[in-house]
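J.: Let me begin by handing over the structure; questions about it come next.
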Amino acid sequence: MMNQLHSFYLRSISATTLALLCAMAAFAETPQEYVARAEKAFDESDIVSAMSNYRKAAEAGYAPAQTRLAYLLDKSEENEEAIKWYKQAAAQGNAEAEHGLAGMYVSADGIAEDSAEALRLFESSASKGYLPAIHVLASAYEKGELGLRIDYELAREWLEKGMQLKDYWSINRLAQAYGNGELGVRIDRQKAAQLEQQLSRLKQHKD
């Protein structure tokens with residue numbers, strides 16, 4: 001009889017523990033919820049709380065949080081940890097993280113300068129449509145940066161990709177090129193005017 005009671009007691013504890021764990025799981029915050037709390041704290045200039053919540057989501061493997069945390073750490077000169085999180089997010093294919101990590105390779109912030117790796121990361125980021133990376137590559141090919149030779153054709157290709165994404169900066173640079181005969185193109189006032197009209201429509205849409 002005592003053994004039966006003991007067995008029943010143990011089963012009751014197990015069932016209670018399981019129910020408690022299920023309830024705790026139901027109330028556990030998701031990485032997205034941590035990020036939402038982090039962004040709210042950031043908007044309120046509570047950087048400590050923002051970083052704490054980003055870190056919780058980052059530790060759960062959430063690439064957008066890893067990227068945002070890395071950015072804040074980079075700005076705080078915590079370069080070693082920033083690189084760690086950028087690398088984890090970049091390994092998941094996060095375009096913003098690839099861009100951020102590439103920038104650290106260029107500036108040699110807490111990591112050895114590596115133009116080749118920076119270029120690879122910028123290209124991967126830009127190929128995903130991340131506009132800041134597109135800007136970097138268009139400028140690099142135009143000016144011969146990142147160890148590249150000047151290549152106006154490739155500069156235009158990246159600007160045209162930006163134009164397809166309705167990027168104001170890219171369209172404006174192409175309009176200037178056709179208006180002034182830059183980037184290896186002949187002056188084409190009609191093309192420049194068409195691009196300027198596109199810029200005007202974009203501006204109206206933003207307003």
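How things are named: the first chain in the structure tokens is A, the next is B, and so on; residues count from 1 in each chain; ligands count from 1 in the order shown.
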Could you go through chain A and tell me which residues DSSP, when run on the backbone, assigns to alpha helix (DSSP H), listing them as an MDAnalysis selection string?

T.: chainID A and resid 2:27 31:43 47:59 63:75 79:91 95:107 115:127 131:143 152:164 168:180 189:206

J.: Give me the residues near stretch 152-162 of chain A as an MDAnalysis selection string, where near means some atom within 10 Å (using only C-alpha atoms) and where sequence neighbours in that chain fewer than 4 positions away do not count.

T.: chainID A and resid 123 126:127 129:144 166:174 177 182:185

J.: Between A:Ala175, A:Val35, A:Leu119, A:Ala41, which residue has the minimum interatomic distance to A:Arg55, considering only C-alpha atoms?

T.: A:Val35

J.: Please compute the atom CA of A:Leu202-atom CA of A:Arg68 distance, one decimal, in Å.

T.: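 Between atom CA of A:Leu202 and atom CA of A:Arg68 the gap is 28.2 Å.
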
J.: What lies within 12 Å of A:Glu117 using only C-alpha atoms, ignoring chain neighbours under 2 positions off, as an mmCIF file with all heavy atoms, in the first residue's frame?

T.:
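Contents of around17.cif, as written:
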```cif
data_model
loop_
_atom_site.group_PDB
_atom_site.id
_atom_site.type_symbol
_atom_site.label_atom_id
_atom_site.label_comp_id
_atom_site.auth_asym_id
_atom_site.auth_seq_id
_atom_site.Cartn_x
_atom_site.Cartn_y
_atom_site.Cartn_z
ATOM 1 N N GLU A 98 26.806 40.872 -43.183
ATOM 2 C CA GLU A 98 27.902 40.771 -44.153
ATOM 3 C C GLU A 98 28.498 42.148 -44.429
ATOM 4 O O GLU A 98 29.723 42.316 -44.471
ATOM 5 C CB GLU A 98 27.407 40.143 -45.453
ATOM 6 C CG GLU A 98 27.057 38.674 -45.321
ATOM 7 C CD GLU A 98 26.408 38.097 -46.556
ATOM 8 O OE1 GLU A 98 25.726 38.862 -47.292
ATOM 9 O OE2 GLU A 98 26.556 36.892 -46.799
ATOM 10 N N HIS A 99 27.636 43.125 -44.590
ATOM 11 C CA HIS A 99 28.089 44.495 -44.833
ATOM 12 C C HIS A 99 28.854 45.039 -43.633
ATOM 13 O O HIS A 99 29.918 45.659 -43.782
ATOM 14 C CB HIS A 99 26.888 45.389 -45.135
ATOM 15 C CG HIS A 99 27.225 46.817 -45.377
ATOM 16 N ND1 HIS A 99 27.237 47.756 -44.366
ATOM 17 C CD2 HIS A 99 27.584 47.478 -46.491
ATOM 18 C CE1 HIS A 99 27.576 48.930 -44.853
ATOM 19 N NE2 HIS A 99 27.797 48.787 -46.144
ATOM 20 N N LEU A 101 30.417 43.357 -41.218
ATOM 21 C CA LEU A 101 31.683 42.645 -41.051
ATOM 22 C C LEU A 101 32.691 43.087 -42.108
ATOM 23 O O LEU A 101 33.877 43.271 -41.814
ATOM 24 C CB LEU A 101 31.439 41.142 -41.144
ATOM 25 C CG LEU A 101 32.659 40.232 -40.939
ATOM 26 C CD1 LEU A 101 33.308 40.485 -39.578
ATOM 27 C CD2 LEU A 101 32.242 38.760 -41.066
ATOM 28 N N ALA A 102 32.218 43.287 -43.331
ATOM 29 C CA ALA A 102 33.102 43.769 -44.401
ATOM 30 C C ALA A 102 33.712 45.109 -44.029
ATOM 31 O O ALA A 102 34.902 45.353 -44.257
ATOM 32 C CB ALA A 102 32.323 43.882 -45.712
ATOM 33 N N GLY A 103 32.887 45.985 -43.453
ATOM 34 C CA GLY A 103 33.388 47.298 -43.039
ATOM 35 C C GLY A 103 34.484 47.190 -41.992
ATOM 36 O O GLY A 103 35.437 47.981 -41.990
ATOM 37 N N MET A 104 34.364 46.199 -41.104
ATOM 38 C CA MET A 104 35.388 46.010 -40.073
ATOM 39 C C MET A 104 36.681 45.482 -40.681
ATOM 40 O O MET A 104 37.778 45.824 -40.240
ATOM 41 C CB MET A 104 34.866 45.096 -38.970
ATOM 42 C CG MET A 104 33.662 45.671 -38.237
ATOM 43 S SD MET A 104 33.225 44.806 -36.703
ATOM 44 C CE MET A 104 34.436 45.491 -35.563
ATOM 45 N N TYR A 105 36.566 44.641 -41.709
ATOM 46 C CA TYR A 105 37.760 44.184 -42.409
ATOM 47 C C TYR A 105 38.462 45.339 -43.129
ATOM 48 O O TYR A 105 39.688 45.379 -43.207
ATOM 49 C CB TYR A 105 37.403 43.098 -43.429
ATOM 50 C CG TYR A 105 37.323 41.702 -42.859
ATOM 51 C CD1 TYR A 105 36.126 40.998 -42.859
ATOM 52 C CD2 TYR A 105 38.449 41.077 -42.325
ATOM 53 C CE1 TYR A 105 36.046 39.712 -42.346
ATOM 54 C CE2 TYR A 105 38.379 39.790 -41.801
ATOM 55 C CZ TYR A 105 37.173 39.117 -41.816
ATOM 56 O OH TYR A 105 37.108 37.841 -41.290
ATOM 57 N N VAL A 106 37.679 46.274 -43.651
ATOM 58 C CA VAL A 106 38.263 47.416 -44.357
ATOM 59 C C VAL A 106 38.985 48.345 -43.393
ATOM 60 O O VAL A 106 40.110 48.793 -43.645
ATOM 61 C CB VAL A 106 37.175 48.198 -45.126
ATOM 62 C CG1 VAL A 106 37.731 49.523 -45.659
ATOM 63 C CG2 VAL A 106 36.627 47.364 -46.273
ATOM 64 N N ALA A 108 39.937 47.591 -40.349
ATOM 65 C CA ALA A 108 40.799 46.833 -39.424
ATOM 66 C C ALA A 108 40.450 47.127 -37.975
ATOM 67 O O ALA A 108 41.317 47.295 -37.125
ATOM 68 C CB ALA A 108 42.281 47.145 -39.688
ATOM 69 N N ILE A 111 40.333 43.453 -36.054
ATOM 70 C CA ILE A 111 40.566 42.322 -36.949
ATOM 71 C C ILE A 111 41.559 42.774 -38.010
ATOM 72 O O ILE A 111 41.622 43.957 -38.341
ATOM 73 C CB ILE A 111 39.230 41.856 -37.587
ATOM 74 C CG1 ILE A 111 39.373 40.460 -38.188
ATOM 75 C CG2 ILE A 111 38.730 42.843 -38.625
ATOM 76 C CD1 ILE A 111 38.032 39.835 -38.567
ATOM 77 N N ALA A 112 42.337 41.838 -38.531
ATOM 78 C CA ALA A 112 43.334 42.203 -39.538
ATOM 79 C C ALA A 112 42.656 42.696 -40.812
ATOM 80 O O ALA A 112 41.629 42.149 -41.229
ATOM 81 C CB ALA A 112 44.218 41.000 -39.852
ATOM 82 N N GLU A 113 43.214 43.731 -41.397
ATOM 83 C CA GLU A 113 42.668 44.256 -42.654
ATOM 84 C C GLU A 113 42.712 43.173 -43.725
ATOM 85 O O GLU A 113 43.706 42.469 -43.877
ATOM 86 C CB GLU A 113 43.465 45.476 -43.107
ATOM 87 C CG GLU A 113 42.919 46.117 -44.370
ATOM 88 C CD GLU A 113 43.715 47.344 -44.794
ATOM 89 O OE1 GLU A 113 44.632 47.749 -44.042
ATOM 90 O OE2 GLU A 113 43.421 47.880 -45.868
ATOM 91 N N ASP A 114 41.612 43.036 -44.450
ATOM 92 C CA ASP A 114 41.527 42.008 -45.480
ATOM 93 C C ASP A 114 40.577 42.505 -46.570
ATOM 94 O O ASP A 114 39.373 42.279 -46.511
ATOM 95 C CB ASP A 114 41.031 40.689 -44.878
ATOM 96 C CG ASP A 114 41.158 39.517 -45.838
ATOM 97 O OD1 ASP A 114 41.182 39.748 -47.056
ATOM 98 O OD2 ASP A 114 41.222 38.365 -45.360
ATOM 99 N N SER A 115 41.138 43.173 -47.563
ATOM 100 C CA SER A 115 40.321 43.757 -48.633
ATOM 101 C C SER A 115 39.608 42.681 -49.447
ATOM 102 O O SER A 115 38.469 42.882 -49.882
ATOM 103 C CB SER A 115 41.183 44.614 -49.561
ATOM 104 O OG SER A 115 41.708 45.725 -48.870
ATOM 105 N N LEU A 119 35.667 42.500 -49.826
ATOM 106 C CA LEU A 119 35.028 42.543 -51.140
ATOM 107 C C LEU A 119 34.050 41.386 -51.305
ATOM 108 O O LEU A 119 32.931 41.567 -51.796
ATOM 109 C CB LEU A 119 36.089 42.498 -52.236
ATOM 110 C CG LEU A 119 35.581 42.515 -53.675
ATOM 111 C CD1 LEU A 119 34.787 43.779 -53.951
ATOM 112 C CD2 LEU A 119 36.743 42.394 -54.656
ATOM 113 N N ARG A 120 34.456 40.194 -50.872
ATOM 114 C CA ARG A 120 33.568 39.030 -50.971
ATOM 115 C C ARG A 120 32.271 39.256 -50.192
ATOM 116 O O ARG A 120 31.171 38.957 -50.681
ATOM 117 C CB ARG A 120 34.287 37.778 -50.443
ATOM 118 C CG ARG A 120 33.468 36.495 -50.593
ATOM 119 C CD ARG A 120 34.085 35.339 -49.826
ATOM 120 N NE ARG A 120 33.926 35.479 -48.381
ATOM 121 C CZ ARG A 120 32.791 35.198 -47.724
ATOM 122 N NH1 ARG A 120 31.711 34.798 -48.385
ATOM 123 N NH2 ARG A 120 32.729 35.326 -46.413
ATOM 124 N N LEU A 121 32.418 39.806 -48.994
ATOM 125 C CA LEU A 121 31.240 40.048 -48.154
ATOM 126 C C LEU A 121 30.361 41.150 -48.716
ATOM 127 O O LEU A 121 29.126 41.039 -48.708
ATOM 128 C CB LEU A 121 31.690 40.393 -46.732
ATOM 129 C CG LEU A 121 32.265 39.223 -45.928
ATOM 130 C CD1 LEU A 121 33.042 39.731 -44.719
ATOM 131 C CD2 LEU A 121 31.155 38.289 -45.478
ATOM 132 N N PHE A 122 30.985 42.214 -49.219
ATOM 133 C CA PHE A 122 30.203 43.294 -49.835
ATOM 134 C C PHE A 122 29.421 42.758 -51.036
ATOM 135 O O PHE A 122 28.244 43.096 -51.225
ATOM 136 C CB PHE A 122 31.116 44.440 -50.290
ATOM 137 C CG PHE A 122 31.518 45.386 -49.191
ATOM 138 C CD1 PHE A 122 32.846 45.772 -49.041
ATOM 139 C CD2 PHE A 122 30.576 45.932 -48.319
ATOM 140 C CE1 PHE A 122 33.224 46.661 -48.039
ATOM 141 C CE2 PHE A 122 30.949 46.826 -47.311
ATOM 142 C CZ PHE A 122 32.277 47.186 -47.173
ATOM 143 N N GLU A 123 30.064 41.924 -51.844
ATOM 144 C CA GLU A 123 29.398 41.384 -53.026
ATOM 145 C C GLU A 123 28.242 40.466 -52.635
ATOM 146 O O GLU A 123 27.177 40.495 -53.268
ATOM 147 C CB GLU A 123 30.406 40.640 -53.905
ATOM 148 C CG GLU A 123 31.363 41.573 -54.633
ATOM 149 C CD GLU A 123 32.387 40.827 -55.473
ATOM 150 O OE1 GLU A 123 32.603 39.621 -55.202
ATOM 151 O OE2 GLU A 123 32.976 41.457 -56.372
ATOM 152 N N SER A 124 28.457 39.652 -51.602
ATOM 153 C CA SER A 124 27.390 38.767 -51.143
ATOM 154 C C SER A 124 26.206 39.576 -50.620
ATOM 155 O O SER A 124 25.046 39.278 -50.913
ATOM 156 C CB SER A 124 27.923 37.834 -50.054
ATOM 157 O OG SER A 124 26.904 36.970 -49.590
ATOM 158 N N LEU A 146 39.030 49.396 -52.495
ATOM 159 C CA LEU A 146 38.983 47.997 -52.060
ATOM 160 C C LEU A 146 39.941 47.118 -52.875
ATOM 161 O O LEU A 146 39.688 45.920 -53.070
ATOM 162 C CB LEU A 146 37.561 47.433 -52.156
ATOM 163 C CG LEU A 146 36.494 48.073 -51.272
ATOM 164 C CD1 LEU A 146 35.132 47.454 -51.540
ATOM 165 C CD2 LEU A 146 36.863 47.918 -49.804
ATOM 166 N N GLY A 147 41.014 47.710 -53.358
ATOM 167 C CA GLY A 147 41.987 46.944 -54.127
ATOM 168 C C GLY A 147 41.547 46.660 -55.553
ATOM 169 O O GLY A 147 42.172 45.852 -56.252
#
```

J.: Show me, as JSON, numbers by chain, the residues that have an atom within 7 Å of A:Asn53 when counting only C-alpha atoms, minus same-chain residues fewer than 5 positions from it.

T.: {"A": [34, 35, 37, 38]}

J.: Rounded to one decimal, what separation in Å do you get between atom CA of A:Ala57 and atom CA of A:Ala36?

T.: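 Straight-line distance from atom CA of A:Ala57 to atom CA of A:Ala36 works out to 10.1 Å.
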
J.: As an exercise, work out the distance from atom CA of A:Gly93 to atom CA of A:Ser49 in Å and give it to one decimal place.

T.: 26.8 Å

J.: Under the rule that only C-alpha atoms are counted, which of A:Glu145, A:Glu96, A:Glu29, A:Glu78 is the nearest residue to A:Gln66?

T.: A:Glu96
